[in-house]
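Participant: So that you have it, the file is start17.txt, and it contains compact mmCIF, C-alpha atoms:
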```txt
# COMPACT_ATOMS: atom_id res chain seq x y z
CA MET A 1 191.57 132.26 67.78
CA ALA A 2 191.98 132.95 64.08
CA ARG A 3 193.82 130.43 61.94
CA PRO A 4 197.57 130.54 62.52
CA VAL A 5 199.74 132.17 59.88
CA ILE A 6 202.53 130.31 58.13
CA GLY A 7 205.04 132.42 56.26
CA ILE A 8 206.18 130.92 52.95
CA ILE A 9 209.47 132.14 51.53
CA GLY A 10 209.53 133.55 48.01
CA ASN A 11 212.03 132.91 45.23
CA ALA A 12 213.56 135.51 42.93
CA ARG A 13 212.60 135.00 39.29
CA ILE A 14 212.69 137.12 36.15
CA VAL A 15 209.36 136.90 34.30
CA GLU A 16 209.12 137.60 30.57
CA SER A 17 212.85 138.38 30.59
CA ARG A 18 212.26 141.75 32.24
CA PHE A 19 210.13 141.71 35.40
CA SER A 20 211.81 140.95 38.74
CA THR A 21 209.39 138.93 40.85
CA GLN A 22 209.09 136.83 43.99
CA LEU A 23 207.31 133.53 43.33
CA VAL A 24 205.83 130.76 45.45
CA GLY A 25 204.45 127.58 43.93
CA GLU A 26 200.72 127.18 44.53
CA ASN A 27 201.16 123.62 45.81
CA ASN A 28 202.93 125.13 48.84
CA LEU A 29 200.02 127.49 49.46
CA ARG A 30 197.46 124.70 49.16
CA ALA A 31 199.43 122.37 51.43
CA VAL A 32 199.47 125.02 54.16
CA ALA A 33 195.81 125.96 53.70
CA ASP A 34 194.32 122.51 53.12
CA VAL A 35 196.44 120.23 55.32
CA ALA A 36 198.27 122.35 57.89
CA GLU A 37 194.99 124.30 58.19
CA ALA A 38 196.74 127.66 58.40
CA LEU A 39 196.72 130.91 56.47
CA PRO A 40 199.57 130.95 53.93
CA LEU A 41 201.43 134.26 53.81
CA MET A 42 204.08 134.76 51.14
CA PHE A 43 207.11 136.86 52.07
CA ALA A 44 210.07 138.03 50.02
CA GLY A 45 213.18 135.87 50.11
CA ASN A 46 215.36 138.95 50.32
CA PRO A 47 216.87 140.53 53.46
CA LYS A 48 216.39 143.99 51.94
CA LEU A 49 212.63 143.40 51.75
CA ALA A 50 211.90 141.23 54.78
CA ASP A 51 213.09 141.94 58.31
CA ILE A 52 213.37 138.74 60.36
CA ALA A 53 212.24 140.24 63.67
CA ASP A 54 209.21 141.86 62.05
CA LEU A 55 208.40 138.68 60.14
CA LEU A 56 208.49 136.46 63.22
CA ALA A 57 206.26 138.94 65.04
CA VAL A 58 203.59 138.31 62.39
CA VAL A 59 203.78 134.58 61.58
CA ASP A 60 203.35 131.46 63.70
CA GLY A 61 205.58 129.23 61.56
CA ILE A 62 207.85 129.24 58.51
CA LEU A 63 207.80 127.04 55.40
CA LEU A 64 211.04 127.00 53.42
CA THR A 65 210.11 125.74 49.98
CA GLY A 66 211.98 124.04 47.20
CA ALA A 67 213.31 126.19 44.37
CA ARG A 68 215.16 125.95 41.08
CA ALA A 69 218.12 127.93 42.41
CA ASN A 70 220.84 126.22 44.46
CA VAL A 71 222.31 127.51 47.72
CA HIS A 72 225.45 129.42 46.77
CA PRO A 73 228.61 127.32 47.41
CA SER A 74 230.34 130.20 49.20
CA ARG A 75 227.91 129.57 52.05
CA PHE A 76 229.63 126.25 52.76
CA ASN A 77 233.20 127.05 51.70
CA MET A 78 233.12 125.64 48.17
CA VAL A 79 233.93 127.25 44.84
CA PRO A 80 230.95 128.11 42.60
CA ASP A 81 230.72 126.58 39.14
CA PRO A 82 228.52 127.99 36.33
CA LYS A 83 227.15 124.51 35.61
CA HIS A 84 225.45 124.51 39.01
CA GLU A 85 223.63 127.80 38.48
CA PRO A 86 221.20 129.46 38.98
CA TYR A 87 221.75 130.77 42.48
CA ASP A 88 219.53 133.01 44.61
CA GLU A 89 221.92 134.79 46.96
CA ASP A 90 219.22 137.10 48.30
CA ARG A 91 217.26 134.09 49.51
CA ASP A 92 220.45 132.66 51.05
CA GLY A 93 220.95 135.96 52.86
CA LEU A 94 217.51 135.78 54.44
CA ALA A 95 216.85 132.06 54.86
CA LEU A 96 220.03 131.12 56.73
CA PRO A 97 219.71 133.64 59.60
CA LEU A 98 215.92 133.11 59.59
CA ILE A 99 216.43 129.40 60.31
CA GLU A 100 218.74 130.25 63.20
CA ALA A 101 216.17 132.67 64.60
CA CYS A 102 213.31 130.17 64.27
CA VAL A 103 215.25 127.43 66.05
CA ALA A 104 216.41 129.78 68.80
CA GLN A 105 212.90 131.14 69.42
CA GLY A 106 211.01 127.88 69.02
CA VAL A 107 209.13 129.06 65.92
CA PRO A 108 208.10 125.97 63.92
CA VAL A 109 210.08 125.67 60.68
CA PHE A 110 209.62 123.06 57.94
CA GLY A 111 212.18 122.85 55.12
CA ILE A 112 211.47 121.20 51.77
CA CYS A 113 214.14 120.41 49.15
CA ARG A 114 216.14 123.67 48.96
CA GLY A 115 214.69 124.54 52.38
CA PHE A 116 216.04 121.24 53.72
CA GLN A 117 219.46 122.06 52.28
CA GLU A 118 219.32 125.58 53.76
CA MET A 119 218.67 124.12 57.20
CA ASN A 120 221.83 122.03 56.99
CA VAL A 121 223.93 124.95 55.74
CA ALA A 122 222.54 127.23 58.47
CA ALA A 123 223.87 124.72 61.00
CA GLY A 124 227.35 124.73 59.45
CA GLY A 125 226.91 121.73 57.17
CA SER A 126 227.83 121.38 53.51
CA LEU A 127 226.19 120.31 50.26
CA HIS A 128 227.34 118.42 47.18
CA PRO A 129 226.28 120.23 44.00
CA GLU A 130 225.48 117.00 42.12
CA ILE A 131 224.67 113.99 44.30
CA ARG A 132 224.50 111.63 41.32
CA GLU A 133 228.25 112.15 40.72
CA LEU A 134 229.13 110.49 44.03
CA PRO A 135 230.04 106.77 43.83
CA GLY A 136 227.07 104.49 44.32
CA ARG A 137 224.43 107.24 44.19
CA MET A 138 221.35 107.20 41.98
CA ASN A 139 220.16 110.08 39.79
CA HIS A 140 217.88 112.04 42.10
CA ARG A 141 216.90 114.58 39.44
CA MET A 142 213.41 114.73 37.96
CA PRO A 143 212.52 112.32 35.13
CA ARG A 144 213.16 113.57 31.59
CA LEU A 145 212.32 112.46 28.09
CA GLU A 146 214.98 111.04 25.78
CA THR A 147 215.25 114.52 24.25
CA GLY A 148 216.36 115.89 27.62
CA GLU A 149 213.15 117.81 28.19
CA ILE A 150 211.36 117.51 31.52
CA HIS A 151 208.67 114.86 31.38
CA PRO A 152 205.33 116.57 30.65
CA ASP A 153 203.30 114.39 33.06
CA PRO A 154 203.42 115.74 36.65
CA ALA A 155 202.31 112.34 37.96
CA ILE A 156 205.55 110.89 36.58
CA VAL A 157 207.74 113.84 37.57
CA PHE A 158 206.45 113.77 41.15
CA GLY A 159 205.91 110.02 41.34
CA ASP A 160 207.51 108.01 44.15
CA ARG A 161 211.05 107.04 43.11
CA HIS A 162 212.83 105.42 46.04
CA ASP A 163 212.53 104.25 49.63
CA VAL A 164 213.72 106.14 52.70
CA GLN A 165 214.64 104.29 55.87
CA LEU A 166 213.75 106.24 59.01
CA VAL A 167 215.54 106.11 62.35
CA ALA A 168 213.68 103.81 64.72
CA ASP A 169 211.66 105.81 67.29
CA GLY A 170 212.90 109.06 65.74
CA MET A 171 210.73 112.12 65.23
CA PHE A 172 209.78 111.16 61.67
CA ALA A 173 209.05 107.54 62.57
CA ARG A 174 206.75 108.72 65.37
CA ILE A 175 204.94 111.20 63.13
CA LEU A 176 204.54 108.73 60.26
CA GLY A 177 203.98 105.56 62.27
CA ARG A 178 206.45 103.56 60.20
CA GLU A 179 210.17 103.18 59.58
CA THR A 180 210.19 102.86 55.77
CA ILE A 181 208.55 105.29 53.39
CA ARG A 182 208.61 105.91 49.63
CA VAL A 183 209.11 109.41 48.23
CA ASN A 184 209.53 111.47 45.07
CA SER A 185 212.92 112.80 43.95
CA LEU A 186 213.59 116.09 42.14
CA HIS A 187 216.98 117.40 43.25
CA GLY A 188 220.56 117.56 42.08
CA GLN A 189 222.19 119.11 45.13
CA GLY A 190 222.14 117.27 48.45
CA ILE A 191 223.71 117.06 51.89
CA LEU A 192 227.41 116.16 51.96
CA GLU A 193 228.32 116.81 55.61
CA LEU A 194 225.75 117.31 58.35
CA GLY A 195 225.68 120.54 60.33
CA GLU A 196 226.67 120.35 63.98
CA ARG A 197 223.10 120.54 65.29
CA VAL A 198 221.50 118.50 62.52
CA VAL A 199 220.47 114.87 62.95
CA ALA A 200 219.81 112.62 59.94
CA GLU A 201 216.57 110.70 60.50
CA GLY A 202 215.94 109.39 56.98
CA ILE A 203 218.35 107.81 54.50
CA ALA A 204 217.61 106.78 50.89
CA GLU A 205 218.62 103.34 49.69
CA ASP A 206 221.76 104.81 48.07
CA GLY A 207 222.89 106.58 51.26
CA THR A 208 221.54 110.05 50.44
CA ILE A 209 220.21 111.93 53.46
CA GLU A 210 216.50 112.63 52.99
CA ALA A 211 215.08 113.70 56.39
CA ILE A 212 216.64 115.82 59.13
CA ARG A 213 215.80 117.51 62.40
CA PHE A 214 217.53 120.14 64.49
CA LYS A 215 218.88 118.54 67.67
CA ASP A 216 217.54 120.06 70.91
CA ALA A 217 215.35 122.58 69.05
CA PRO A 218 212.60 123.85 71.38
CA GLY A 219 210.07 123.74 68.52
CA PHE A 220 209.27 121.84 65.31
CA ALA A 221 212.40 122.04 63.12
CA LEU A 222 212.28 119.36 60.44
CA GLY A 223 213.39 119.15 56.82
CA VAL A 224 212.83 116.73 53.95
CA GLN A 225 214.70 116.44 50.66
CA TRP A 226 211.62 115.35 48.69
CA HIS A 227 208.74 117.57 47.60
CA ALA A 228 206.22 116.93 50.36
CA GLU A 229 204.08 119.85 49.16
CA TYR A 230 203.10 118.12 45.92
CA ASP A 231 200.30 115.86 47.15
CA PRO A 232 199.68 116.05 50.93
CA GLN A 233 195.94 116.05 50.29
CA THR A 234 196.21 112.41 49.11
CA ASN A 235 199.66 111.11 50.08
CA PRO A 236 199.59 109.76 53.67
CA VAL A 237 203.28 110.45 54.33
CA ASN A 238 203.20 114.06 53.18
CA ARG A 239 199.81 114.62 54.77
CA ALA A 240 201.06 113.47 58.16
CA LEU A 241 204.06 115.81 57.93
CA PHE A 242 201.97 118.87 57.10
CA GLN A 243 199.46 117.97 59.78
CA ALA A 244 202.24 117.69 62.35
CA PHE A 245 203.60 121.04 61.16
CA GLY A 246 200.14 122.58 61.51
CA ASP A 247 199.74 121.16 65.02
CA ALA A 248 203.10 122.64 66.02
CA VAL A 249 202.17 126.01 64.56
CA ARG A 250 198.85 126.06 66.46
CA ALA A 251 200.65 125.18 69.69
CA HIS A 252 203.12 128.01 69.11
CA GLN A 253 200.24 130.40 68.35
CA ALA A 254 198.49 129.42 71.59
CA ILE A 255 201.61 130.15 73.64
CA ALA A 256 202.02 133.52 71.92
CA TRP A 257 198.41 134.42 72.67
CA SER A 258 198.71 133.37 76.32
CA ASP A 259 201.74 135.64 76.73
CA GLN A 260 199.84 138.72 75.54
```
Output the structure of this file as structure tokens.

Facilitator:
Amino acid sequence: MARPVIGIIGNARIVESRFSTQLVGENNLRAVADVAEALPLMFAGNPKLADIADLLAVVDGILLTGARANVHPSRFNMVPDPKHEPYDEDRDGLALPLIEACVAQGVPVFGICRGFQEMNVAAGGSLHPEIRELPGRMNHRMPRLETGEIHPDPAIVFGDRHDVQLVADGMFARILGRETIRVNSLHGQGILELGERVVAEGIAEDGTIEAIRFKDAPGFALGVQWHAEYDPQTNPVNRALFQAFGDAVRAHQAIAWSDQ
């Protein structure tokens, strides 16, 4: 069989203040190609441009990436605030029903950062727009200089920032072979209330939910709050997650081929 295909959701961006585009960070493409050992296929994060049934007929798995834009608060019954912009409502409109379809059909889905948050919202959960404002929480946003500018060194921006305690004998603990891991942190928004079908399997030292799975999903349906796509070629935690995702995608591909 040919390599399996993993669809990677795009993000709406305006380039040069005039061109509407759909963008995917190259680290996501390389993680899928190098570690999951699949063919990365970008698709538009817009329900007017991507039909879910047609998409799932083509791909063997879905990667929901991180993004600058937040999930729109109306999706979890909260009032939007300009200070929490930008939003990408077209991506919301595609990603949320896509997650439901993947879980229902057993199509492997892996959510990272915004993708992790989308998985919770798709299951009826809610988000807090600024986790650091909650009592006792740390600042989970990316490191900045004293001037307020983002730190210019990616090794510092994506460096490990805090521990995550995994549920004993949970899916993540089995994949990673340990119950405590250390991860990067580049997010403002985070899970407030878990969706009905979502199980928290990883908690940061300040109580922030960092790893989830869909309960009773027939296929791989995991999400992480950190940016696992940054260094899976060298980071053993992120490598193991993308390898497990790739294994699940190949298993799904094999079943699809046997049914033809």

Participant: Name all residues at most 8 Å from range 173-189 of chain A (count all atoms listed in the file; drop same-chain ones fewer than 4 positions away) and give them as a ChimeraX atom specification.

Facilitator: /A:70,113,127-132,139-142,157-169,225-227,237,240-241,244

Participant: CA of Cys102 in chain A and CA of Ala57 in chain A, how far apart in Å?

Facilitator: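 Rounded to one decimal, the two atoms are 11.3 Å apart.
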
Participant: Check the smallest atom-to-atom distance from each of A:Gln233, A:Asn27, A:Ser20, A:Ser126 to Met78 in chain A using only C-alpha atoms, then report the winner.

Facilitator: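 Checking each candidate against Met78 in chain A, we get A:Ser126 as the closest.
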
Participant: Between A:Ala211, A:Ile255, A:Ile156, A:Val121, single out the one closest to Gly195 in chain A, counting only C-alpha atoms.

Facilitator: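 Of all the options, A:Val121 lies closest to Gly195 in chain A.
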
Participant: Given the point (216.8, 137.6, 52.2) in the file's coordinates, find the residues that have an atom at most 6 Å from it, counting all atoms listed in the file, and give them as an NGL selection string.

Facilitator: :A and (45-47 or 90-91 or 93-94)

Participant: If you measure from CA of Asn28 in chain A to CA of Phe110 in chain A, what distance in Å do you get, rounded to one decimal?

Facilitator: 11.5 Å

Participant: So, with all atoms listed in the file as the atoms that count, which of A:Asp259, A:Asp231, A:Glu193, A:Glu37 lies closest to Ile6 in chain A?

Facilitator: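 Smallest separation from Ile6 in chain A among the options: A:Glu37.
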
Participant: Extract, using all atoms listed in the file, all DNA, RNA and protein residues at most 7 Å from Val35 in chain A, discarding same-chain residues fewer than 3 positions from it, and format them as a list in words.

Facilitator: Ala31, Val32, Pro232, Gln233, Arg239, Phe242 and Gln243 of chain A

Participant: In Å to one decimal, how far is CA of Thr208 in chain A from CA of Pro236 in chain A?

Facilitator: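 A separation of 22.2 Å between them.
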
Participant: If you count all atoms listed in the file, which residues fall within 8 Å of range 8-19 of chain A, apart from same-chain ones fewer than 5 positions away, as a compact mmCIF listing (two decimals) with C-alpha atoms, keeping the file's coordinate frame?

Facilitator:
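Result went into result-v9.txt, see below:
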```txt
# COMPACT_ATOMS: atom_id res chain seq x y z
CA VAL A 24 205.83 130.76 45.45
CA ASN A 28 202.93 125.13 48.84
CA LEU A 29 200.02 127.49 49.46
CA PRO A 40 199.57 130.95 53.93
CA LEU A 41 201.43 134.26 53.81
CA MET A 42 204.08 134.76 51.14
CA PHE A 43 207.11 136.86 52.07
CA ALA A 44 210.07 138.03 50.02
CA GLY A 45 213.18 135.87 50.11
CA ILE A 62 207.85 129.24 58.51
CA LEU A 63 207.80 127.04 55.40
CA LEU A 64 211.04 127.00 53.42
CA THR A 65 210.11 125.74 49.98
CA ALA A 67 213.31 126.19 44.37
CA ASP A 88 219.53 133.01 44.61
CA ASP A 90 219.22 137.10 48.30
CA ARG A 91 217.26 134.09 49.51
```

Participant: Could you check which residues have any atom within 12 Å of (213.8, 122.9, 70.1), counting all atoms listed in the file with coordinates taken straight from the file, and then list them as a PyMOL selection string?

Facilitator: chain A and resi 100-109+197-198+213-222+248+252

Participant: Would you put the residues from that selection into a file with C-alpha atoms, as a JSON list (two decimals), in the frame of the given file?

Facilitator:
```json
[["chain", "number", "residue", "atom", "x", "y", "z"],
["A", 100, "GLU", "CA", 218.74, 130.25, 63.20],
["A", 101, "ALA", "CA", 216.17, 132.67, 64.60],
["A", 102, "CYS", "CA", 213.31, 130.17, 64.27],
["A", 103, "VAL", "CA", 215.25, 127.43, 66.05],
["A", 104, "ALA", "CA", 216.41, 129.78, 68.80],
["A", 105, "GLN", "CA", 212.90, 131.14, 69.42],
["A", 106, "GLY", "CA", 211.01, 127.88, 69.02],
["A", 107, "VAL", "CA", 209.13, 129.06, 65.92],
["A", 108, "PRO", "CA", 208.10, 125.97, 63.92],
["A", 109, "VAL", "CA", 210.08, 125.67, 60.68],
["A", 197, "ARG", "CA", 223.10, 120.54, 65.29],
["A", 198, "VAL", "CA", 221.50, 118.50, 62.52],
["A", 213, "ARG", "CA", 215.80, 117.51, 62.40],
["A", 214, "PHE", "CA", 217.53, 120.14, 64.49],
["A", 215, "LYS", "CA", 218.88, 118.54, 67.67],
["A", 216, "ASP", "CA", 217.54, 120.06, 70.91],
["A", 217, "ALA", "CA", 215.35, 122.58, 69.05],
["A", 218, "PRO", "CA", 212.60, 123.85, 71.38],
["A", 219, "GLY", "CA", 210.07, 123.74, 68.52],
["A", 220, "PHE", "CA", 209.27, 121.84, 65.31],
["A", 221, "ALA", "CA", 212.40, 122.04, 63.12],
["A", 222, "LEU", "CA", 212.28, 119.36, 60.44],
["A", 248, "ALA", "CA", 203.10, 122.64, 66.02],
["A", 252, "HIS", "CA", 203.12, 128.01, 69.11]]
```

Participant: Find, counting all atoms listed in the file, the residue in A:Leu55, A:Arg250, A:Leu192, A:Glu118 that gets nearest to Leu134 in chain A.

Facilitator: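 When distances to Leu134 in chain A are compared using all atoms listed in the file, the smallest one comes from A:Leu192.
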
Participant: Could range 16-27 of chain A be completed with all heavy atoms and returned as a CSV table (one decimal), in the coordinates of the input?

Facilitator:
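Once everything was written out, this is out_8.csv:
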```
chain,number,residue,atom,x,y,z
A,16,GLU,N,209.1,137.0,31.9
A,16,GLU,CA,209.1,137.6,30.6
A,16,GLU,C,210.4,138.3,30.3
A,16,GLU,O,210.4,139.3,29.5
A,16,GLU,CB,207.9,138.5,30.4
A,16,GLU,CG,206.6,137.8,30.5
A,16,GLU,CD,205.4,138.7,30.3
A,16,GLU,OE1,205.6,139.9,30.1
A,16,GLU,OE2,204.3,138.2,30.4
A,17,SER,N,211.5,137.8,30.8
A,17,SER,CA,212.8,138.4,30.6
A,17,SER,C,213.0,139.8,31.0
A,17,SER,O,214.0,140.5,30.7
A,17,SER,CB,213.2,138.3,29.1
A,17,SER,OG,213.1,136.9,28.7
A,18,ARG,N,212.1,140.3,31.9
A,18,ARG,CA,212.3,141.8,32.2
A,18,ARG,C,211.7,142.1,33.6
A,18,ARG,O,212.1,143.1,34.2
A,18,ARG,CB,211.6,142.7,31.2
A,18,ARG,CG,210.2,142.3,30.8
A,18,ARG,CD,209.6,143.2,29.8
A,18,ARG,NE,208.3,142.8,29.3
A,18,ARG,CZ,207.4,143.6,28.8
A,18,ARG,NH1,207.6,144.9,28.7
A,18,ARG,NH2,206.2,143.1,28.4
A,19,PHE,N,210.8,141.3,34.1
A,19,PHE,CA,210.1,141.7,35.4
A,19,PHE,C,210.7,140.9,36.6
A,19,PHE,O,210.7,139.7,36.6
A,19,PHE,CB,208.6,141.5,35.4
A,19,PHE,CG,207.9,142.3,34.3
A,19,PHE,CD1,207.3,141.6,33.2
A,19,PHE,CD2,207.8,143.6,34.4
A,19,PHE,CE1,206.6,142.4,32.3
A,19,PHE,CE2,207.2,144.4,33.4
A,19,PHE,CZ,206.6,143.7,32.4
A,20,SER,N,211.3,141.6,37.5
A,20,SER,CA,211.8,141.0,38.7
A,20,SER,C,210.6,140.6,39.6
A,20,SER,O,209.8,141.5,40.0
A,20,SER,CB,212.8,141.9,39.5
A,20,SER,OG,213.9,142.1,38.7
A,21,THR,N,210.5,139.4,40.0
A,21,THR,CA,209.4,138.9,40.8
A,21,THR,C,209.9,138.1,42.0
A,21,THR,O,211.0,137.6,42.1
A,21,THR,CB,208.4,138.1,40.0
A,21,THR,OG1,209.0,136.9,39.6
A,21,THR,CG2,207.9,138.9,38.8
A,22,GLN,N,208.9,137.8,42.9
A,22,GLN,CA,209.1,136.8,44.0
A,22,GLN,C,208.0,135.8,43.8
A,22,GLN,O,206.8,136.2,43.8
A,22,GLN,CB,209.0,137.5,45.4
A,22,GLN,CG,210.2,138.3,45.7
A,22,GLN,CD,211.4,137.5,46.2
A,22,GLN,OE1,211.2,136.5,47.0
A,22,GLN,NE2,212.6,137.8,45.8
A,23,LEU,N,208.3,134.5,43.6
A,23,LEU,CA,207.3,133.5,43.3
A,23,LEU,C,207.3,132.4,44.4
A,23,LEU,O,208.3,132.1,45.0
A,23,LEU,CB,207.6,132.9,42.0
A,23,LEU,CG,207.7,133.8,40.8
A,23,LEU,CD1,208.0,133.0,39.5
A,23,LEU,CD2,206.3,134.5,40.6
A,24,VAL,N,206.1,131.9,44.6
A,24,VAL,CA,205.8,130.8,45.4
A,24,VAL,C,204.9,129.8,44.7
A,24,VAL,O,203.9,130.2,44.2
A,24,VAL,CB,205.2,131.2,46.8
A,24,VAL,CG1,204.7,129.9,47.5
A,24,VAL,CG2,206.1,131.9,47.7
A,25,GLY,N,205.3,128.6,44.6
A,25,GLY,CA,204.4,127.6,43.9
A,25,GLY,C,203.1,127.4,44.7
A,25,GLY,O,203.1,127.3,45.9
A,26,GLU,N,202.0,127.3,43.9
A,26,GLU,CA,200.7,127.2,44.5
A,26,GLU,C,200.6,125.9,45.3
A,26,GLU,O,199.8,125.9,46.3
A,26,GLU,CB,199.6,127.3,43.5
A,26,GLU,CG,198.2,127.4,44.0
A,26,GLU,CD,197.2,127.8,43.0
A,26,GLU,OE1,197.5,128.7,42.2
A,26,GLU,OE2,196.1,127.2,43.0
A,27,ASN,N,201.3,124.8,45.0
A,27,ASN,CA,201.2,123.6,45.8
A,27,ASN,C,201.6,123.9,47.3
A,27,ASN,O,201.0,123.3,48.2
A,27,ASN,CB,202.0,122.5,45.2
A,27,ASN,CG,201.4,121.8,44.0
A,27,ASN,OD1,200.2,121.9,43.8
A,27,ASN,ND2,202.3,121.2,43.2
```
